[in-house]
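Take a look at the structure set out below.
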Amino acid sequence: MNTLPLQGIRVVDLSRVFAMPYCGAYLADLGAEVIKVDTHHNQFVDTTRTLNGPYPDNDPGELYWERGGTFNTLNRGKLSVTLDLRSDAALGVLRRLVAVSDVLLENFTPRVMRRFGLSYPDLKAVKPDLIMVSNTGYGHSGPWSSFGAMATALEPTHGTAAFMGYLDVDDSGRSSPGSVPNKIANSYTDFLASWTAQLAVLASLLHRAQTGQGTWIDLAMYQVGVSFVGEGLLDYAYNGRRTRRIGNRHETWSPHGCYPCAGADEWVVIAARDDAEWRQVCAAMDAPELADNPDYSDVITRHQNQDGLDKIISRWTVGKSQYEVMRLLQQRGVPAGPVLDGKGLLSDPQLRSRRFFETVEHPAETGLGRREYIGRGWKMSDNDVSIRKPAPLLGEDNRYVLSDVLGLAQSEITELENGNAVGRTLEGARTPGAVPLERQVELGWTVRYDADYRT
Amino acid sequence: MSGILDGIRVLELGGHVAAPFCAKLLADYGADVIKIEPPHSGDAARDAGPFVGDDPHPDKSIPFLYRNTNKRGITLNVATSAGGAILARLLESADVVVQNFPPGQLPAPMLEPAGLVDGYPGLIATCITPFGLTGPYRDFAATDIVVCAMSGLMYHSGDSDREPLRNALAQSFYTAGINGAVATTAALFQRLATGRGQYIDVSAVECLASHLVQAVPYYSYMGAIKGRRPVRGSGFEELMPARDGYVIPSVQGSQPWGTIADLIGLDALHDPRFASGSGRIEFGEELYELLIQGLSEWDRKPLFQASGERRLVFGMAQDAGDLYECPQLRERDFFASVTHPVAGTADYPGMGPKLSGLEYEARRPAPLLGQHNTEIYCDELGYSAQELTQLRASGTI
């Protein structure tokens with residue numbers, strides 16, 4: 001196999017939480033050497049090391065900061081160096097590291113980076129062609145630039161909730177466009193920002209190779225989110241329409257929706273794009289006469305009578321598994337598929353066939369053994385892009401970075417150690433509590449669990 | 001001002017969302033994108049509403065207008081031998097071809113990805129499909145809601161006591177588009193070192209599934225299924241009613257509970273039972289009622305402003321009108337005025353990130369069908385006016 005696309009590129013990853021760490025992980029999959037700047041002081045550590053879990057078998061264990069499944073997804077393939085940036089010596093080391101790197105990822109507020117002397121102009125002085133991503137909630141300029149942010153609160157703020165929501169249903173069961181906004185779950189905006197940063201970094205590397213110039217990427221998650229609902233905004237600009245909330249229905253196609261299946265919280269989606277596909281739905285339901293029923297025979301009447309149509313389809317799906325409905329419709333060419341949860345994804349035949357999940361062997365001291373991780377949404381024909389190593393242990397690569405990469409003398413390293421600027425054991429923390437899974441089900445944090453999930 | 005992908009030429013074939021959005025991102029970064037549409041019908045998105053003035057005209061489709069700014073457009077029937085010969089000439093000067101035809105439905109055999117790479121050394125061929133080019137579901141039919149469902153996104157969207165909820169505005173194919181642009185750019189960078197092109201197989205389902213960094217390890221680490229919101233009893237990080245709309249009063253950020261209670265301004269919220277995370281769960285129902293009461297005194301925007309000033313991280317539900325009025329987006333020059341000869345003038349949303357040395361420019365409105373035929377076929381490929389007339393008469397362009 002060939003060398004990887006980012007072979008020889010070094011990335012310093014100062015970032016925390018989801019969006020930029022995941023960007024760094026993908027750059028590592030592509031072959032870059034990604035150095036995560038960690039810290040062993042609890043109040044500044046990446047909170048995904050300590051707060052997010054999930055822990056293996058719900059047991060944080062003694063080395064809990066090495067054992068979180070979300071952290072290990074977001075930081076696979078990286079090296080870890082611990083530097084306490086409150087120490088001038090450590091800050092000096094970081095500047096030296098930037099000077100021998102190509103890309104810097106960070107997501108501190110503008111105030112913090114200025115205080116540390118790590119703003120783009122500061123760092124450009126040590127690395128003139130630096131490519132730097134500064135990821136913030138709202139950007140480095142504008143009246144909201146000092147505001148903090150998190151994806152869950154950003155999603156409705158940047159407009160997605162205006163275009164999502166259940167239908168309103170009146171007492172007689174008639175539905176109408178929804179008055180209540182809803183939101184995409186799971187920190188969606190973080191991933192829009194992560195993909196946007198990946199593209200901006202790669203385009204900047206290409207530009208630098210041709211011009212010798214670096215780039216500063218001022219990445220506002222809010223603004224990125226707005227750009228992903230741009231077609232909705234343009235409807236306002238041209239027509240003055242502010243929202244569109246039609247539940248699981250479609251503007252033109254019908255039937256179109258999410259229907260209950262046999263199991264608890266088991267659902268299937270169906271989308272018929274024209275009359276021919278509607279006929280195939282009727283045939284699959286073993287109700288060919290329905291296709292000619294004047295209430296449903298063309299898309300206009302089907303739209304007018306969707307409440308009744310959805311009831312008919314639900315009566316058919318509710319006795320079947322989601323995969324059975326998918327098979328019956330897909331073999332007739334009708335778009336349909338199961339609503340998959342985390343377990344369903346891990347066992348889905350398509351994802352397994354394409355090796356979407358990649359197995360990583362963790363060091364023995366973590367007690368994690370072999371675990372499967374999310375891969376990427378794309379494959380390159382000329383490269384075996386893959387997860388190259390597990391997420392690093394805290395400070396695992398201190399010696400490599402300080403001595404081999406930066407050439408620090410042993411006396412300088414000892415000084416950092418004596419000043420407690422580097423370290424491999426998390427300080428100032430207490431072991432996170434683990435809420436028993438039965439209690440998590442009561443609280444609604446989890447829907448259900450399989451005690452035998454590993455067999 | 002030149003873009004940072006200046007000098008890169010991209011051909012775009014297909015339609016709807018994924019390939020056009022991928023190519024639009026590359027165009028926004030400065031690439032020269034030529035959109036190839038079938039004669040007469042054009043990109044199928046031209047038939048998709050909403051339309052400007054609700055007039056169903058192929059140059060007034062709003063989704064089409066948004067996804068195709070900054071491109072040039074030509075018509076070409078690539079399925080004919082004359083059309084194939086022209087496509088071959090276009091491919092000779094292209095760095096990238098982006099397409100999103102379903103597998104097995106290529107309009108011309110020459111668009112088969114491995115063959116493109118063999119035939120045109122250095123070419124990057126990016127294929128975006130719902131499920132990818134391999135695997136048992138390869139030929140399955142899919143629309144946005146199917147991809148949202150099968151990627152795991154939809155299961156986690158909506159309310160825990162109702163059915164999963166469809167996501168906003170074809171998100172599955174927008175995310176596939178940006179992931180396609182990421183892999184394409186990685187391949188362009190690698191080409192500098194190797195001189196070789198390659199093809200890229202983008203699966204929309206996998207792009208969207210790659211964001212489930214919590215739900216997947218919940219199962220692979222402890223066998224648990226993570227569900228939909230709201231998490232019962234927490235009373236937070238969900239949309240709650242304010243006086244003029246909805247807000248999200250998040251507890252995250254580094255401020256103590258008292259800051260939140262102070263901001264909302266209801267004395268009962270200072271009850272010490274609510275000061276800890278475990279207390280807010282244990283007394284969640286009571287807290288929820290108090291928050292509803294406190295928030296009913298607030299409008300969204302003043303609350304959001306006050307929370308930001310106190311270093312809290314509240315959110316608010318904004319609609320398209322709010323976003324056009326947003327002082328933050330205006331100050332950052334997010335919108336760009338675009339004049340389209342048929343659809344008229346409007347402020348278009350611009351780029352997500354701001355890059356030093358690259359001012360976002362809406363250089364061109366979305367192309368009319370075949371708008372750049374003369375420019376590209378005659379001025380750039382050297383066909384004569386007479387040949388162009390013949391190609392048009394034969395239905396090739």
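In the structure tokens, chains take the letters A, B, ... in the order shown, each chain's residues start at 1, and ligands count up from 1 in the order shown.
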Taking 5 positions as the minimum chain separation for residues in the same chain, which residues sit within 6 Å of segment 375-383 of chain A when counting only C-alpha atoms? Answer as a compact mmCIF listing (two decimals) with all heavy atoms, in the first residue's frame.
```txt
# COMPACT_ATOMS: atom_id res chain seq x y z
N ASN A 2 0.28 2.34 -0.45
CA ASN A 2 1.01 3.59 -0.57
C ASN A 2 1.16 4.28 0.77
O ASN A 2 0.49 3.95 1.74
CB ASN A 2 0.25 4.51 -1.52
CG ASN A 2 0.22 3.93 -2.90
OD1 ASN A 2 1.26 3.73 -3.51
ND2 ASN A 2 -0.97 3.63 -3.39
N PHE A 356 -17.01 -0.68 8.30
CA PHE A 356 -17.12 0.70 8.79
C PHE A 356 -16.53 0.82 10.20
O PHE A 356 -15.92 1.82 10.54
CB PHE A 356 -18.59 1.13 8.78
CG PHE A 356 -18.84 2.49 9.36
CD1 PHE A 356 -18.30 3.63 8.78
CD2 PHE A 356 -19.61 2.65 10.51
CE1 PHE A 356 -18.53 4.89 9.31
CE2 PHE A 356 -19.84 3.91 11.06
CZ PHE A 356 -19.30 5.02 10.45
N PHE A 357 -16.76 -0.21 11.02
CA PHE A 357 -16.18 -0.19 12.37
C PHE A 357 -14.81 -0.85 12.32
O PHE A 357 -14.63 -1.86 11.65
CB PHE A 357 -17.10 -0.92 13.35
CG PHE A 357 -18.44 -0.23 13.49
CD1 PHE A 357 -19.57 -0.75 12.88
CD2 PHE A 357 -18.55 0.95 14.21
CE1 PHE A 357 -20.80 -0.11 12.99
CE2 PHE A 357 -19.78 1.59 14.32
CZ PHE A 357 -20.90 1.07 13.72
N GLN B 198 -6.98 9.08 -7.87
CA GLN B 198 -7.64 7.91 -7.28
C GLN B 198 -9.13 8.17 -7.24
O GLN B 198 -9.57 9.29 -7.51
CB GLN B 198 -7.10 7.61 -5.90
CG GLN B 198 -7.20 8.77 -4.91
CD GLN B 198 -6.49 8.45 -3.59
OE1 GLN B 198 -6.68 7.38 -3.03
NE2 GLN B 198 -5.67 9.38 -3.12
N TYR B 199 -9.90 7.13 -6.92
CA TYR B 199 -11.33 7.40 -6.75
C TYR B 199 -11.72 7.29 -5.30
O TYR B 199 -11.04 6.66 -4.49
CB TYR B 199 -12.19 6.53 -7.66
CG TYR B 199 -12.29 5.07 -7.32
CD1 TYR B 199 -13.24 4.60 -6.43
CD2 TYR B 199 -11.46 4.14 -7.95
CE1 TYR B 199 -13.36 3.25 -6.14
CE2 TYR B 199 -11.56 2.80 -7.67
CZ TYR B 199 -12.50 2.35 -6.75
OH TYR B 199 -12.62 1.02 -6.47
N ILE B 200 -12.81 7.97 -4.99
CA ILE B 200 -13.26 8.06 -3.60
C ILE B 200 -14.71 7.60 -3.54
O ILE B 200 -15.54 8.04 -4.34
CB ILE B 200 -13.10 9.51 -3.09
CG1 ILE B 200 -11.60 9.82 -3.00
CG2 ILE B 200 -13.77 9.68 -1.73
CD1 ILE B 200 -11.28 11.26 -3.00
N ASP B 201 -14.96 6.69 -2.62
CA ASP B 201 -16.27 6.05 -2.46
C ASP B 201 -16.88 6.61 -1.17
O ASP B 201 -16.46 6.25 -0.08
CB ASP B 201 -16.00 4.53 -2.40
CG ASP B 201 -17.18 3.70 -1.94
OD1 ASP B 201 -18.29 4.25 -1.80
OD2 ASP B 201 -16.98 2.48 -1.72
N VAL B 202 -17.84 7.53 -1.32
CA VAL B 202 -18.45 8.19 -0.16
C VAL B 202 -19.82 7.57 0.09
O VAL B 202 -20.67 7.53 -0.81
CB VAL B 202 -18.62 9.70 -0.40
CG1 VAL B 202 -19.17 10.38 0.85
CG2 VAL B 202 -17.32 10.34 -0.85
N SER B 203 -20.05 7.09 1.29
CA SER B 203 -21.35 6.56 1.69
C SER B 203 -22.06 7.58 2.58
O SER B 203 -21.55 7.92 3.65
CB SER B 203 -21.16 5.25 2.46
OG SER B 203 -22.26 5.02 3.32
N GLU B 206 -22.71 6.32 6.05
CA GLU B 206 -21.52 6.25 6.92
C GLU B 206 -21.05 7.63 7.34
O GLU B 206 -20.57 7.81 8.46
CB GLU B 206 -20.42 5.46 6.21
CG GLU B 206 -20.77 3.98 6.10
CD GLU B 206 -19.89 3.19 5.15
OE1 GLU B 206 -18.80 3.66 4.80
OE2 GLU B 206 -20.32 2.10 4.73
N CYS B 207 -21.17 8.62 6.46
CA CYS B 207 -20.80 9.99 6.85
C CYS B 207 -21.60 10.42 8.08
O CYS B 207 -21.06 10.93 9.05
CB CYS B 207 -21.05 10.97 5.72
SG CYS B 207 -19.96 10.72 4.31
```
I'd like the contact shell of Pro256 of chain B - 12 Å cut-off, only C-alpha atoms, skipping same-chain residues fewer than 6 positions apart - returned as a PyMOL selection string.
chain B and resi 250+262-263+270+272+274-277+310-312
Would you pick out the contacts of Asp348 of chain A at 12 Å or less, using only C-alpha atoms, so that residues sharing its chain but fewer than 6 positions from it are not included, and give the list as a list in words?
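Here the answer would be Tyr323, Gly337, Pro338, Val339, Leu340, Asp341, Gly342, Arg354, Arg355, Phe356 and Phe357 of chain A; Phe131, Gly135, Pro136, Tyr137, Met150, Ser151, Gly152, Val205, Glu206 and Ala209 of chain B.
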Write the residues of the selection above to a file with C-alpha atoms, as a short mmCIF file (atom, residue, chain, number, x, y, z; two decimals), in the first residue's frame.
```cif
data_model
loop_
_atom_site.label_atom_id
_atom_site.label_comp_id
_atom_site.auth_asym_id
_atom_site.auth_seq_id
_atom_site.Cartn_x
_atom_site.Cartn_y
_atom_site.Cartn_z
CA TYR A 323 -35.85 -5.31 8.60
CA GLY A 337 -35.11 1.35 5.99
CA PRO A 338 -34.85 0.63 9.70
CA VAL A 339 -34.39 3.41 12.25
CA LEU A 340 -31.15 2.08 13.73
CA ASP A 341 -29.86 2.70 17.26
CA GLY A 342 -26.24 2.21 18.41
CA ARG A 354 -17.81 -2.36 4.36
CA ARG A 355 -15.80 -2.64 7.60
CA PHE A 356 -17.12 0.70 8.79
CA PHE A 357 -16.18 -0.19 12.37
CA PHE B 131 -24.78 3.33 0.92
CA GLY B 135 -21.98 -4.17 0.12
CA PRO B 136 -25.40 -5.84 0.21
CA TYR B 137 -27.38 -2.54 0.26
CA MET B 150 -30.13 3.99 8.75
CA SER B 151 -27.24 6.17 9.99
CA GLY B 152 -28.55 6.32 13.56
CA VAL B 205 -25.08 6.64 5.64
CA GLU B 206 -21.52 6.25 6.92
CA ALA B 209 -23.11 7.55 11.28
#
```
For Gly180 of chain B, please output as a ChimeraX atom specification all residues within 7 Å (counting only C-alpha atoms; exclusion window: fewer than 4 positions along the same chain).
/B:22,126,128,176,184,202
From the DSSP assignment of the backbone, select every residue of segment 158-365 of chain B that is strand (DSSP E), and format the answer as a ChimeraX atom specification.
/B:198-203,224-226,240-242,245-248,315-316,335-340,344-349,353-355
Using DSSP assignments from the backbone, pull out every residue in segment 218-291 of chain B that falls under alpha helix (DSSP H) and give it to me as a list in words.
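Filtering segment 218-291 of chain B to alpha helix (DSSP H) leaves Tyr218, Tyr219, Ser220, Tyr221, Met222, Trp257, Gly258, Thr259, Ile260, Ala261, Asp262, Leu263, Ile264, Gly277, Ser278, Gly279, Arg280, Ile281, Glu282, Gly284, Glu285, Glu286, Leu287, Tyr288, Glu289, Leu290 and Leu291 of chain B.
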Contact residues around Val52 of chain B with only C-alpha atoms at 8 Å, ignoring same-chain residues under 3 positions, as JSON, numbers by chain
{"A": [235, 238, 239], "B": [55, 56, 60, 61, 62, 343]}
Output of the above residues as a PDB file, in the first residue's frame, restricted to N, CA, C and O atoms:
```pdb
ATOM      1  N   ASP A 235     -35.248  30.771   1.390  1.00  0.00           N
ATOM      2  CA  ASP A 235     -36.705  30.819   1.231  1.00  0.00           C
ATOM      3  C   ASP A 235     -37.262  32.068   1.934  1.00  0.00           C
ATOM      4  O   ASP A 235     -38.226  32.688   1.468  1.00  0.00           O
ATOM      5  N   TYR A 238     -36.186  35.223  -0.292  1.00  0.00           N
ATOM      6  CA  TYR A 238     -37.003  35.407  -1.499  1.00  0.00           C
ATOM      7  C   TYR A 238     -38.494  35.502  -1.195  1.00  0.00           C
ATOM      8  O   TYR A 238     -39.218  36.246  -1.852  1.00  0.00           O
ATOM      9  N   ASN A 239     -38.967  34.702  -0.238  1.00  0.00           N
ATOM     10  CA  ASN A 239     -40.416  34.568  -0.053  1.00  0.00           C
ATOM     11  C   ASN A 239     -40.938  34.991   1.315  1.00  0.00           C
ATOM     12  O   ASN A 239     -42.148  34.985   1.535  1.00  0.00           O
TER      13      ASN A 239
ATOM     14  N   ASP B  55     -43.368  30.166  -7.821  1.00  0.00           N
ATOM     15  CA  ASP B  55     -43.554  29.941  -9.257  1.00  0.00           C
ATOM     16  C   ASP B  55     -42.667  28.753  -9.671  1.00  0.00           C
ATOM     17  O   ASP B  55     -41.443  28.887  -9.711  1.00  0.00           O
ATOM     18  N   PRO B  56     -43.246  27.593  -9.963  1.00  0.00           N
ATOM     19  CA  PRO B  56     -42.432  26.404 -10.246  1.00  0.00           C
ATOM     20  C   PRO B  56     -41.718  26.478 -11.588  1.00  0.00           C
ATOM     21  O   PRO B  56     -42.105  25.843 -12.564  1.00  0.00           O
ATOM     22  N   LYS B  60     -35.997  28.979 -10.719  1.00  0.00           N
ATOM     23  CA  LYS B  60     -36.466  29.609  -9.481  1.00  0.00           C
ATOM     24  C   LYS B  60     -36.537  28.635  -8.299  1.00  0.00           C
ATOM     25  O   LYS B  60     -37.138  28.951  -7.276  1.00  0.00           O
ATOM     26  N   SER B  61     -35.962  27.454  -8.465  1.00  0.00           N
ATOM     27  CA  SER B  61     -35.938  26.514  -7.341  1.00  0.00           C
ATOM     28  C   SER B  61     -34.943  27.020  -6.296  1.00  0.00           C
ATOM     29  O   SER B  61     -33.751  27.186  -6.574  1.00  0.00           O
ATOM     30  N   ILE B  62     -35.417  27.261  -5.090  1.00  0.00           N
ATOM     31  CA  ILE B  62     -34.544  27.828  -4.054  1.00  0.00           C
ATOM     32  C   ILE B  62     -33.446  26.861  -3.634  1.00  0.00           C
ATOM     33  O   ILE B  62     -32.281  27.268  -3.523  1.00  0.00           O
ATOM     34  N   ALA B 343     -34.281  34.748 -11.083  1.00  0.00           N
ATOM     35  CA  ALA B 343     -34.825  34.694  -9.721  1.00  0.00           C
ATOM     36  C   ALA B 343     -34.791  36.043  -9.025  1.00  0.00           C
ATOM     37  O   ALA B 343     -35.534  36.271  -8.066  1.00  0.00           O
TER      38      ALA B 343
END
```
Taking 2 positions as the minimum chain separation for residues in the same chain, which residues sit within 12 Å of Ala209 of chain A when counting only C-alpha atoms? Answer as a list in words.
Ile9, Asp102, Asp129, Leu130, Ile131, Leu202, Ala203, Ser204, Leu205, Leu206, His207, Thr211, Gly212, Gln213, Gly214 and Thr215 of chain A; Ile4, Leu5, Leu188, Phe189, Gln190, Arg191, Leu192 and Ala193 of chain B
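Between Met326 of chain A and the candidates B:Phe51, B:Asp32, B:Ala141, B:Ala18, the tightest atom-to-atom separation, counting only C-alpha atoms, involves B:Ala141.
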One decimal place gives the atom CA of Ala317 of chain B-atom CA of Ser176 of chain A separation as 20.1 Å
From A:Gly319, A:Pro255, A:Pro181, A:Pro392, residue lying nearest Val334 of chain A [only C-alpha atoms]:
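Of A:Gly319, A:Pro255, A:Pro181, A:Pro392, the one nearest Val334 of chain A, counting only C-alpha atoms, is A:Pro255.
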Compare A:Ser411, A:Ser403, A:Ser101, A:Asn186 by their minimum atom-to-atom distance to chain B, counting only C-alpha atoms, and give me the closest one.
A:Asn186
Tell me, in Å to one decimal, how far atom CA of Ser146 of chain A is from atom CA of Asp319 of chain B.
22.8 Å
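Shortest separation to Tyr55 of chain A among A:Arg67, A:Gly369, A:Gly77, A:Arg244 occurs at residue A:Arg67, atoms counted being only C-alpha atoms.
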Please provide as a list in words all residues within 10 Å of Asp168 of chain A, with the sequence filter that same-chain residues fewer than 2 positions apart are discarded (counting only C-alpha atoms).
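Answer for this query is Gly165, Tyr166, Asp170, Gly173, Arg174, Ser175, Ser176, Pro177, Gly178, Ser179, Val180, Arg245, Ile246 and Gly247 of chain A.
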Restrict the selected residues to C-alpha atoms and save them as a PDB file, in the first residue's frame.
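Dumped to out.pdb:
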```
ATOM      1  CA  GLY A 165     -40.733  19.496  14.573  1.00  0.00           C
ATOM      2  CA  TYR A 166     -43.682  17.197  15.085  1.00  0.00           C
ATOM      3  CA  ASP A 170     -56.101  18.666  17.090  1.00  0.00           C
ATOM      4  CA  GLY A 173     -56.978  13.839  15.098  1.00  0.00           C
ATOM      5  CA  ARG A 174     -56.328  16.199  12.184  1.00  0.00           C
ATOM      6  CA  SER A 175     -52.727  17.244  11.768  1.00  0.00           C
ATOM      7  CA  SER A 176     -51.246  20.586  10.759  1.00  0.00           C
ATOM      8  CA  PRO A 177     -47.713  22.062  10.519  1.00  0.00           C
ATOM      9  CA  GLY A 178     -45.948  22.035  13.877  1.00  0.00           C
ATOM     10  CA  SER A 179     -45.819  25.077  16.127  1.00  0.00           C
ATOM     11  CA  VAL A 180     -43.048  23.674  18.372  1.00  0.00           C
ATOM     12  CA  ARG A 245     -42.139  21.913  10.302  1.00  0.00           C
ATOM     13  CA  ILE A 246     -43.956  18.935   8.828  1.00  0.00           C
ATOM     14  CA  GLY A 247     -42.938  16.095  11.127  1.00  0.00           C
TER      15      GLY A 247
END
```
Among listed residues A:Val229, A:Val133, A:Leu290, A:Ile312, nearest Asn107 of chain A (using only C-alpha atoms):
A:Val133
Of A:Ser321, A:Asn398, A:Leu167, A:Tyr26, the one nearest to Phe191 of chain A when counting only C-alpha atoms is A:Tyr26
